Every structure is written in structure tokens, then in C-alpha cells.
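Trainee: Here it is, the structure in full.
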Amino acid sequence: MTLKNFKEKDFIKTILSKYATTANKNNFDDCICIDLQDLLGIENLPYLVYSIDHPSFIKRKGMDRNEQYKFYGAWAAACTCGDILAMGTMPKGFSFDLSAPIDTEINDIELIMKGILNTLNFYGAKFEGGNIDVNNLETVCMAWGLVKRDKIIRRIGAKSSDYIVATADLGVGWACYLIEKFGLEEKLPNVIVKKIREYKKIPTANVKAMQEVFELEGAITSGMDLTDGLIEFLYTVSENNNLRVEVDYKELPVSDFLKILSEVLGFDAKLMCFSPGYDTPLSHGWTIDKNHIEDVKYIFKKHGGELNIYGRVLEGQGVKLINKDNRIKDIPLFYDDQFNSENLIEDFKNIIRNL
């Protein structure tokens with residue numbers, strides 16, 4: 001038996017969970033979470049949360065060599081720090097294990113580290129060190145933070161009547177990827193192509209808004225980053241809390257930018273939110289208490305961002321869509337399975353076609 005015999009999430013649940021304490025349903029968060037109070041025997045200590053990630057080297061169109069390496073550093077740091085933000089706090093420190101071919105230019109390595117520093121300076125975190133090896137160009141990153149005991153955000157905690165929200169315009173990253181992959185830029189005006197090039201060029205979340213929301217007592221009931229997209233979050237909310245998640249097609253948000261991209265692709269713009277991620281590290285998913293939803297929306301607007309509502313949490317079971325014909329449809333589980341991504345685009349097409 002090989003990894004090909006598994007889906008990525010099934011491997012975590014059936015194999016990794018035998019050995020790792022954080023790979024089971026009741027203890028499966030974006031970060032390793034260490035209870036310092038329990039560890040040290042001192043009351044009211046915070047949780048230490050840390051995450052290890054292996055961000056891929058992503059080539060971006062329209063970037064020269066120097067910009068590409070700098071972006072890689074910024075991207076790697078932002079992806080890793082995004083897990084810390086998902087737990088309800090700011091990253092404090094960062095380190096990495098970088099590997100590179102022996103003939104790599106020193107300037108390229110320095111550009112990667114400058115990109116890392118750009119992200120860390122934005123978040124107020126320190127670059128604490130790491131290691132370097134001779135191998136293919138890749139990096140494994142580690143970030144950590146401290147979160148107050150009463151402020152930690154977990155994947156368990158959602159309740160009936162909560163709103164399901166995201167801190168990004170979901171589907172834009174996926175649309176940008178598909179347009180570049182299929183060479184459709186020529187069908188778009190230059191101003192839109194430029195906007196595609198600039199999307200995630202500075203890959204940092206709206207932390208000013210997030211920090212303020214973190215301090216609202218009882219506002220965020222559960223959450224996670226949206227590396228694998230909205231649908232995985234919907235299933236996490238439903239399965240971890242034994243509740244029903246419902247999305248109403250008529251109420252799905254769509255920006256003018258996403259409308260333009262979706263029209264070129266021939267997809268329903270409203271259903272692009274069901275993409276397999278690709279808005280990382282800008283996007284985090286939260287369930288928000290109904291009494292706080294207007295406060296949270298106001299905070300994001302005040303800080304130049306927008307909080308998008310994608311559904312509601314209800315009593316019952318399942319992950320459902322009220323489609324444009326007012327029929328209730330099951331939303332199938334869908335994410336970018338790293339063990340088998342060969343049919344990702346066709347799978348996405350089939351899902352939105354059947355919804």
C-alpha cells in the first residue's frame with residue numbers, strides 16, 4: 001500500500017492519528033497547541049501555539065528573477081504565520097530549514113530572506129534563525145505565538161445560528177490561477193491583467209482588523225485558515241460540532257473583479273467560492289456569533305477590508321446549498337488533495353455543474 005491508496009485527509013485520520021496526538025477529530029487544529037499552565041503548573045498561563053509548513057515554490061507571471069525569490073520568502077512566511085493567526089493570535093517568532101542547490105547565487109538566498117522579513121515585519125514577528133542544506137530549492141518553516149486561554153480559536157465551538165464568514169473574496173485566487181493556466185489573459189483588459197498579477201503579491205492578511213476582532217468577547221466561536229477552501233471549512237464546522245451548515249445561493253457575495261474573471265472562464269461567479277483554496281494566506285474562515293456579526297463587519301470595513309458571509313450554522317446534519325432553483329443540494333467534500341491532484345479542475349467543474 002502506498003500514499004496513492006489514500007486521500008490526504010483520510011491518511012491523517014487513519015494513519016497519522018495512530019502516532020500524533022493532534023491528528024484526531026477532537027484535537028485537530030491549525031497549530032500544535034501546548035498548554036503552558038498544565039506543563040509548568042502555573043495558573044493562567046497562555047497557550048503556546050506553533051505550526052510547521054512546507055510552502056511550495058510558486059512561479060508568478062510578470063515577476064523578474066529577483067521579485068520571484070523575494071515573493072517566495074514572503075509567501076512561505078505568510079502561509080506559516082497564517083496558521084498562528086487562525087488560532088486567534090499574532091505570530092511572535094519564525095525559523096526555517098532552507099535547502100538549495102550548491103550553485104545557488106547568494107543573492108537569491110538573501111532575496112528569499114528579505115521576503116521573509118517583509119512578512120514578519122508586517123506581523124511584528126522575529127526571524128529567529130534556522131538551518132540550510134544542499135538539495136533542491138525548498139523550505140520548511142516554523143512559526144509560533146502565544147494566545148490567551150479565553151481567546152484561543154479552535155475548529156470546535158460553532159453553534160446553531162452562527163454566521164459562516166471569510167476574510168477574503170473567495171474564488172479570486174482560483175480564478176487567477178485558471179486564467180493564467182489556460183492563457184486567457186488576452187481576453188481581458190490590461191487593467192484586469194495587472195490586477196491578476198498583483199493579487200497576493202503582498203501575501204499578508206488584514207491583521208489590524210483581525211486583532212481587533214480577536215478581542216471581541218464571544219465573537220468568533222470557531223475558525224481555521226482556508227488553505228483547502230471553503231468546502232473543507234463547511235465540513236469541519238458540520239462534522240466537528242454535529243450541526244447543519246447551509247449556504248444560500250442567492251445570498252453568496254461576488255465582487256466585480258470576480259464577476260469579470262468568472263465570465264472569461266465561463267463559470268457561475270457565485271459558485272467560485274467553492275474553489276479548492278488558492279486564496280491563502282489572505283483567507284481565514286470563522287463562525288461568528290449572530291449578536292456580533294455587525295460589529296465584526298464594521299471592524300473590517302474600518303480597516304479597509306471586507307468580511308464576506310457565506311452561510312449559516314443550523315440545527316441538524318449535513319452541508320447543504322439552497323441553489324438558484326431553491327432546491328436543497330448536498331455540497332460534496334472537495335479540496336486540493338495533495339495525494340491526487342490530477343483531476344482537480346475537472347472535479348471542480350463537475351461539482352459546480354451539479355449544484
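Letters A, B, ... mark the chains of the C-alpha cells in the order given; residue numbers begin at 1 per chain; ligand numbers begin at 1, in order shown.
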For region 94-98 of chain A, find every residue with an atom within 8 Å (counting only C-alpha atoms), except residues of its own chain fewer than 6 positions away, and show them as JSON, numbers by chain.
Mentor: {"A": [77, 120, 125, 126, 127, 128, 129, 130, 131, 132, 133, 137, 138, 139, 140, 141, 142, 143, 144]}
Trainee: Those same residues, written as a short mmCIF file (atom, residue, chain, number, x, y, z; two decimals), in the first residue's frame with N, CA and C atoms?
Mentor:
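Dumped everything to again01.cif:
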data_model
loop_
_atom_site.label_atom_id
_atom_site.label_comp_id
_atom_site.auth_asym_id
_atom_site.auth_seq_id
_atom_site.Cartn_x
_atom_site.Cartn_y
_atom_site.Cartn_z
N ALA A 77 6.63 32.58 4.50
CA ALA A 77 6.40 33.09 5.86
C ALA A 77 4.92 33.35 6.11
N LEU A 120 7.33 39.11 8.12
CA LEU A 120 7.47 39.10 9.57
C LEU A 120 7.40 40.50 10.16
N ALA A 125 6.70 39.93 13.96
CA ALA A 125 7.35 38.71 14.44
C ALA A 125 8.85 38.77 14.16
N LYS A 126 9.62 38.00 14.92
CA LYS A 126 11.08 37.97 14.76
C LYS A 126 11.51 36.77 13.92
N PHE A 127 12.51 36.99 13.08
CA PHE A 127 13.17 35.92 12.33
C PHE A 127 14.27 35.37 13.23
N GLU A 128 14.01 34.20 13.81
CA GLU A 128 14.87 33.71 14.90
C GLU A 128 16.01 32.80 14.45
N GLY A 129 15.99 32.38 13.20
CA GLY A 129 17.10 31.55 12.74
C GLY A 129 16.64 30.33 11.98
N GLY A 130 17.54 29.35 11.88
CA GLY A 130 17.18 28.13 11.16
C GLY A 130 18.39 27.35 10.70
N ASN A 131 18.23 26.69 9.55
CA ASN A 131 19.25 25.78 9.05
C ASN A 131 19.25 25.84 7.53
N ILE A 132 20.39 25.48 6.91
CA ILE A 132 20.46 25.40 5.45
C ILE A 132 21.13 24.11 5.03
N ASP A 133 20.58 23.48 3.99
CA ASP A 133 21.10 22.23 3.45
C ASP A 133 21.30 22.39 1.94
N LEU A 137 15.73 23.38 -4.23
CA LEU A 137 15.28 24.59 -3.56
C LEU A 137 13.91 24.37 -2.94
N GLU A 138 13.87 24.40 -1.63
CA GLU A 138 12.61 24.31 -0.89
C GLU A 138 12.87 24.71 0.55
N THR A 139 11.80 24.98 1.26
CA THR A 139 11.96 25.38 2.65
C THR A 139 10.85 24.79 3.52
N VAL A 140 11.21 24.44 4.73
CA VAL A 140 10.26 24.05 5.77
C VAL A 140 10.29 25.16 6.81
N CYS A 141 9.12 25.70 7.14
CA CYS A 141 9.05 26.88 8.01
C CYS A 141 8.33 26.55 9.31
N MET A 142 8.70 27.26 10.36
CA MET A 142 8.06 27.11 11.66
C MET A 142 7.75 28.49 12.22
N ALA A 143 6.54 28.67 12.72
CA ALA A 143 6.14 29.92 13.36
C ALA A 143 5.43 29.59 14.67
N TRP A 144 5.52 30.51 15.62
CA TRP A 144 4.88 30.27 16.92
C TRP A 144 4.28 31.56 17.47
#
Trainee: Excluding same-chain residues fewer than 6 positions from region 273-279 of chain A, what lies within 7 Å of it counting only C-alpha atoms, as a ChimeraX atom specification?
Mentor: /A:170-174,226-231,334-336,348
Trainee: Quick one: write out the picked residues with N, CA and C atoms as a short mmCIF file (atom, residue, chain, number, x, y, z; two decimals), in the first residue's frame?
Mentor:
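Final output, out-v7.cif:
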data_model
loop_
_atom_site.label_atom_id
_atom_site.label_comp_id
_atom_site.auth_asym_id
_atom_site.auth_seq_id
_atom_site.Cartn_x
_atom_site.Cartn_y
_atom_site.Cartn_z
N LEU A 170 -13.44 34.93 -1.70
CA LEU A 170 -13.11 33.56 -2.06
C LEU A 170 -13.40 33.25 -3.53
N GLY A 171 -12.45 32.57 -4.14
CA GLY A 171 -12.57 32.20 -5.54
C GLY A 171 -11.68 33.03 -6.45
N VAL A 172 -11.21 34.18 -5.99
CA VAL A 172 -10.38 35.05 -6.82
C VAL A 172 -9.05 34.37 -7.15
N GLY A 173 -8.41 33.79 -6.13
CA GLY A 173 -7.13 33.13 -6.35
C GLY A 173 -7.23 31.98 -7.34
N TRP A 174 -8.28 31.20 -7.23
CA TRP A 174 -8.53 30.07 -8.13
C TRP A 174 -8.78 30.57 -9.55
N LEU A 226 -8.03 28.90 5.39
CA LEU A 226 -8.77 28.30 4.27
C LEU A 226 -7.85 27.83 3.16
N THR A 227 -6.73 27.23 3.55
CA THR A 227 -5.79 26.68 2.58
C THR A 227 -6.47 25.71 1.63
N ASP A 228 -7.38 24.91 2.15
CA ASP A 228 -8.07 23.91 1.33
C ASP A 228 -9.47 24.34 0.92
N GLY A 229 -9.77 25.60 1.09
CA GLY A 229 -11.02 26.12 0.56
C GLY A 229 -12.19 26.13 1.52
N LEU A 230 -13.27 26.77 1.06
CA LEU A 230 -14.47 26.95 1.87
C LEU A 230 -15.16 25.63 2.19
N ILE A 231 -15.24 24.72 1.21
CA ILE A 231 -16.00 23.49 1.44
C ILE A 231 -15.42 22.69 2.60
N PHE A 334 -14.77 18.64 -1.05
CA PHE A 334 -13.86 18.95 -2.15
C PHE A 334 -12.72 19.82 -1.63
N TYR A 335 -11.50 19.43 -1.94
CA TYR A 335 -10.33 20.22 -1.58
C TYR A 335 -9.19 19.79 -2.50
N ASP A 336 -8.08 20.52 -2.45
CA ASP A 336 -6.92 20.19 -3.28
C ASP A 336 -6.16 19.06 -2.59
N PHE A 348 -13.71 20.11 -9.96
CA PHE A 348 -14.36 21.39 -9.64
C PHE A 348 -15.51 21.67 -10.62
#
Trainee: Using DSSP on the backbone coordinates, identify all residues within region 118-218 of chain A classified as alpha helix (DSSP H); present the result as a PyMOL selection string.
Mentor: chain A and resi 118-123+172-181+190-198+207-214
Trainee: Take the residues from that selection and write them out as a compact mmCIF listing (two decimals), in the first residue's frame, keeping N, CA, C and O atoms.
Mentor:
# COMPACT_ATOMS: atom_id res chain seq x y z
N ASN A 118 9.98 40.82 5.16
CA ASN A 118 8.87 41.72 4.82
C ASN A 118 7.58 41.27 5.49
O ASN A 118 6.83 42.07 6.04
N THR A 119 7.31 39.97 5.41
CA THR A 119 6.11 39.43 6.04
C THR A 119 6.20 39.52 7.55
O THR A 119 5.25 39.95 8.23
N LEU A 120 7.33 39.11 8.12
CA LEU A 120 7.47 39.10 9.57
C LEU A 120 7.40 40.50 10.16
O LEU A 120 6.80 40.71 11.22
N ASN A 121 7.98 41.47 9.47
CA ASN A 121 7.90 42.85 9.96
C ASN A 121 6.47 43.35 9.95
O ASN A 121 6.04 44.10 10.84
N PHE A 122 5.71 42.94 8.95
CA PHE A 122 4.29 43.33 8.87
C PHE A 122 3.52 42.76 10.06
O PHE A 122 2.65 43.43 10.61
N TYR A 123 3.85 41.53 10.44
CA TYR A 123 3.16 40.88 11.53
C TYR A 123 3.78 41.16 12.90
O TYR A 123 3.23 40.76 13.93
N VAL A 172 -11.21 34.18 -5.99
CA VAL A 172 -10.38 35.05 -6.82
C VAL A 172 -9.05 34.37 -7.15
O VAL A 172 -8.60 34.36 -8.29
N GLY A 173 -8.41 33.79 -6.13
CA GLY A 173 -7.13 33.13 -6.35
C GLY A 173 -7.23 31.98 -7.34
O GLY A 173 -6.36 31.79 -8.20
N TRP A 174 -8.28 31.20 -7.23
CA TRP A 174 -8.53 30.07 -8.13
C TRP A 174 -8.78 30.57 -9.55
O TRP A 174 -8.24 30.03 -10.52
N ALA A 175 -9.58 31.64 -9.67
CA ALA A 175 -9.86 32.20 -10.98
C ALA A 175 -8.59 32.74 -11.64
O ALA A 175 -8.37 32.53 -12.84
N CYS A 176 -7.76 33.43 -10.87
CA CYS A 176 -6.50 33.96 -11.40
C CYS A 176 -5.60 32.81 -11.89
O CYS A 176 -4.99 32.89 -12.95
N TYR A 177 -5.56 31.74 -11.10
CA TYR A 177 -4.75 30.58 -11.48
C TYR A 177 -5.24 29.96 -12.79
O TYR A 177 -4.44 29.66 -13.69
N LEU A 178 -6.53 29.79 -12.92
CA LEU A 178 -7.08 29.16 -14.13
C LEU A 178 -6.89 30.03 -15.37
O LEU A 178 -6.60 29.53 -16.46
N ILE A 179 -7.05 31.33 -15.19
CA ILE A 179 -6.87 32.23 -16.34
C ILE A 179 -5.42 32.18 -16.83
O ILE A 179 -5.16 32.13 -18.04
N GLU A 180 -4.47 32.16 -15.91
CA GLU A 180 -3.07 32.06 -16.31
C GLU A 180 -2.75 30.68 -16.89
O GLU A 180 -2.04 30.57 -17.89
N LYS A 181 -3.32 29.65 -16.30
CA LYS A 181 -3.05 28.28 -16.77
C LYS A 181 -3.54 28.07 -18.19
O LYS A 181 -2.86 27.42 -19.01
N ASN A 190 -6.11 45.28 -20.03
CA ASN A 190 -4.81 45.33 -19.34
C ASN A 190 -4.95 45.64 -17.85
O ASN A 190 -4.18 45.15 -17.04
N VAL A 191 -5.92 46.47 -17.50
CA VAL A 191 -6.07 46.83 -16.09
C VAL A 191 -6.44 45.61 -15.25
O VAL A 191 -6.02 45.48 -14.09
N ILE A 192 -7.20 44.68 -15.82
CA ILE A 192 -7.57 43.45 -15.10
C ILE A 192 -6.39 42.49 -15.04
O ILE A 192 -6.15 41.85 -14.01
N VAL A 193 -5.63 42.40 -16.13
CA VAL A 193 -4.44 41.55 -16.13
C VAL A 193 -3.46 42.03 -15.07
O VAL A 193 -2.85 41.24 -14.34
N LYS A 194 -3.30 43.34 -14.96
CA LYS A 194 -2.41 43.91 -13.94
C LYS A 194 -2.90 43.55 -12.54
O LYS A 194 -2.11 43.22 -11.65
N LYS A 195 -4.20 43.57 -12.35
CA LYS A 195 -4.77 43.23 -11.05
C LYS A 195 -4.54 41.76 -10.71
O LYS A 195 -4.30 41.40 -9.56
N ILE A 196 -4.60 40.90 -11.73
CA ILE A 196 -4.29 39.48 -11.53
C ILE A 196 -2.84 39.31 -11.08
O ILE A 196 -2.54 38.55 -10.17
N ARG A 197 -1.94 40.04 -11.74
CA ARG A 197 -0.52 39.96 -11.40
C ARG A 197 -0.25 40.43 -9.97
O ARG A 197 0.63 39.91 -9.28
N GLU A 198 -1.03 41.41 -9.54
CA GLU A 198 -0.79 41.99 -8.21
C GLU A 198 -1.49 41.22 -7.09
O GLU A 198 -1.17 41.42 -5.92
N VAL A 207 -4.41 42.07 9.32
CA VAL A 207 -4.19 41.76 10.73
C VAL A 207 -4.73 42.83 11.68
O VAL A 207 -5.08 42.53 12.82
N LYS A 208 -4.80 44.08 11.24
CA LYS A 208 -5.36 45.11 12.12
C LYS A 208 -6.81 44.80 12.45
O LYS A 208 -7.24 44.92 13.60
N ALA A 209 -7.55 44.41 11.41
CA ALA A 209 -8.94 44.03 11.65
C ALA A 209 -9.03 42.76 12.48
O ALA A 209 -9.83 42.67 13.42
N MET A 210 -8.20 41.78 12.15
CA MET A 210 -8.25 40.51 12.87
C MET A 210 -7.92 40.68 14.34
O MET A 210 -8.59 40.12 15.22
N GLN A 211 -6.90 41.47 14.65
CA GLN A 211 -6.53 41.69 16.05
C GLN A 211 -7.68 42.30 16.83
O GLN A 211 -7.92 41.92 17.99
N GLU A 212 -8.38 43.25 16.23
CA GLU A 212 -9.49 43.89 16.92
C GLU A 212 -10.64 42.91 17.15
O GLU A 212 -11.27 42.90 18.21
N VAL A 213 -10.90 42.06 16.14
CA VAL A 213 -11.97 41.07 16.30
C VAL A 213 -11.59 40.03 17.35
O VAL A 213 -12.45 39.57 18.12
N PHE A 214 -10.30 39.66 17.42
CA PHE A 214 -9.86 38.69 18.43
C PHE A 214 -10.24 39.13 19.84
O PHE A 214 -10.47 38.30 20.73
Trainee: Using only C-alpha atoms, can you tell me which of A:Thr21, A:Asn66, A:Ser238, A:Thr221 comes closest to Glu105 (chain A)?
Mentor: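 Checking each candidate against Glu105 (chain A), we get A:Asn66 as the closest.
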Trainee: May I have the residues within 10 Å of Ser262 (chain A) as a ChimeraX atom specification, using only C-alpha atoms and disregarding those fewer than 2 positions away in the same chain?
Mentor: /A:171-172,175-176,178-179,256-260,264-272
Trainee: With only C-alpha atoms as the counted atoms, please give the residues lying no more than 7 Å from Ile112 (chain A), apart from itself and same-chain residues fewer than 5 positions off, as a VMD selection string.
Mentor: chain A and resid 69 to 70 72 to 73
Trainee: Those residues you just picked out, can you put them in a file as a compact mmCIF listing (two decimals), in the first residue's frame with N, CA, C and O atoms?
Mentor:
# COMPACT_ATOMS: atom_id res chain seq x y z
N TYR A 69 12.14 35.40 -6.20
CA TYR A 69 12.74 34.86 -4.99
C TYR A 69 12.25 35.59 -3.74
O TYR A 69 12.02 34.99 -2.70
N LYS A 70 12.09 36.89 -3.87
CA LYS A 70 11.60 37.67 -2.74
C LYS A 70 10.16 37.29 -2.40
O LYS A 70 9.79 37.17 -1.23
N TYR A 72 8.81 34.39 -2.97
CA TYR A 72 8.82 33.05 -2.35
C TYR A 72 9.02 33.14 -0.84
O TYR A 72 8.32 32.48 -0.07
N GLY A 73 9.96 33.99 -0.41
CA GLY A 73 10.17 34.15 1.02
C GLY A 73 8.96 34.73 1.72
O GLY A 73 8.54 34.24 2.78
Trainee: Determine which residues of region 12-204 of chain A receive a DSSP assignment of strand (DSSP E), computed from the backbone, and state them as a ChimeraX atom specification.
Mentor: /A:32-35,47-53,93-100,126-134,138-147,163-166
Trainee: With only C-alpha atoms as the atoms that count, which of A:Leu344, A:Ala205, A:Ile52, A:Leu333 lies nearest to Cys31 (chain A)?
Mentor: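 Checking each candidate against Cys31 (chain A), we get A:Ile52 as the closest.
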Trainee: Need the shell around region 147-162 of chain A: protein/DNA/RNA residues with any atom at most 8 Å away, counting only C-alpha atoms. Skip same-chain ones fewer than 4 positions apart. Format as number ranges by chain?
Mentor: A: 26, 28-29, 44-49, 86-89, 214-215, 220-224, 236-237, 240-241, 243, 287-290, 312-315
Trainee: Identify, on the basis of only C-alpha atoms, every residue whose closest approach to Asp83 (chain A) does not exceed 7 Å; exclude the query and any residue fewer than 5 positions from it along the same chain; express the result as a PyMOL selection string.
Mentor: chain A and resi 30-31+51+225
Trainee: Pick the closest to Asp35 (chain A) from A:Leu216, A:Leu252, A:Leu146, A:Gln317: which is it, counting only C-alpha atoms?
Mentor: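 Using only C-alpha atoms, the shortest distance to Asp35 (chain A) belongs to A:Leu146.
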Trainee: Quick one: pull the distance between CA of Leu111 (chain A) and CA of Gln68 (chain A), Å, one decimal.
Mentor: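 Computing the Euclidean distance for CA of Leu111 (chain A) and CA of Gln68 (chain A) yields 8.8 Å.
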Trainee: Find the spatial neighbours of Asp248 (chain A), counting only C-alpha atoms, within a cut-off of 9 Å - ignore same-chain residues fewer than 2 positions away - and output them as a PyMOL selection string.
Mentor: chain A and resi 246+250-252+310-312+320-324+326
Trainee: What is the distance, in Å and to one decimal place, between CA of Asn308 (chain A) and CA of Ser255 (chain A)?
Mentor: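 CA of Asn308 (chain A) sits 10.2 Å away from CA of Ser255 (chain A).
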Trainee: Between A:Ala78, A:Ala168, A:Met1, A:Leu261, which one has atoms that come closest to Glu185 (chain A), using only C-alpha atoms?
Mentor: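 Using only C-alpha atoms, the shortest distance to Glu185 (chain A) belongs to A:Leu261.
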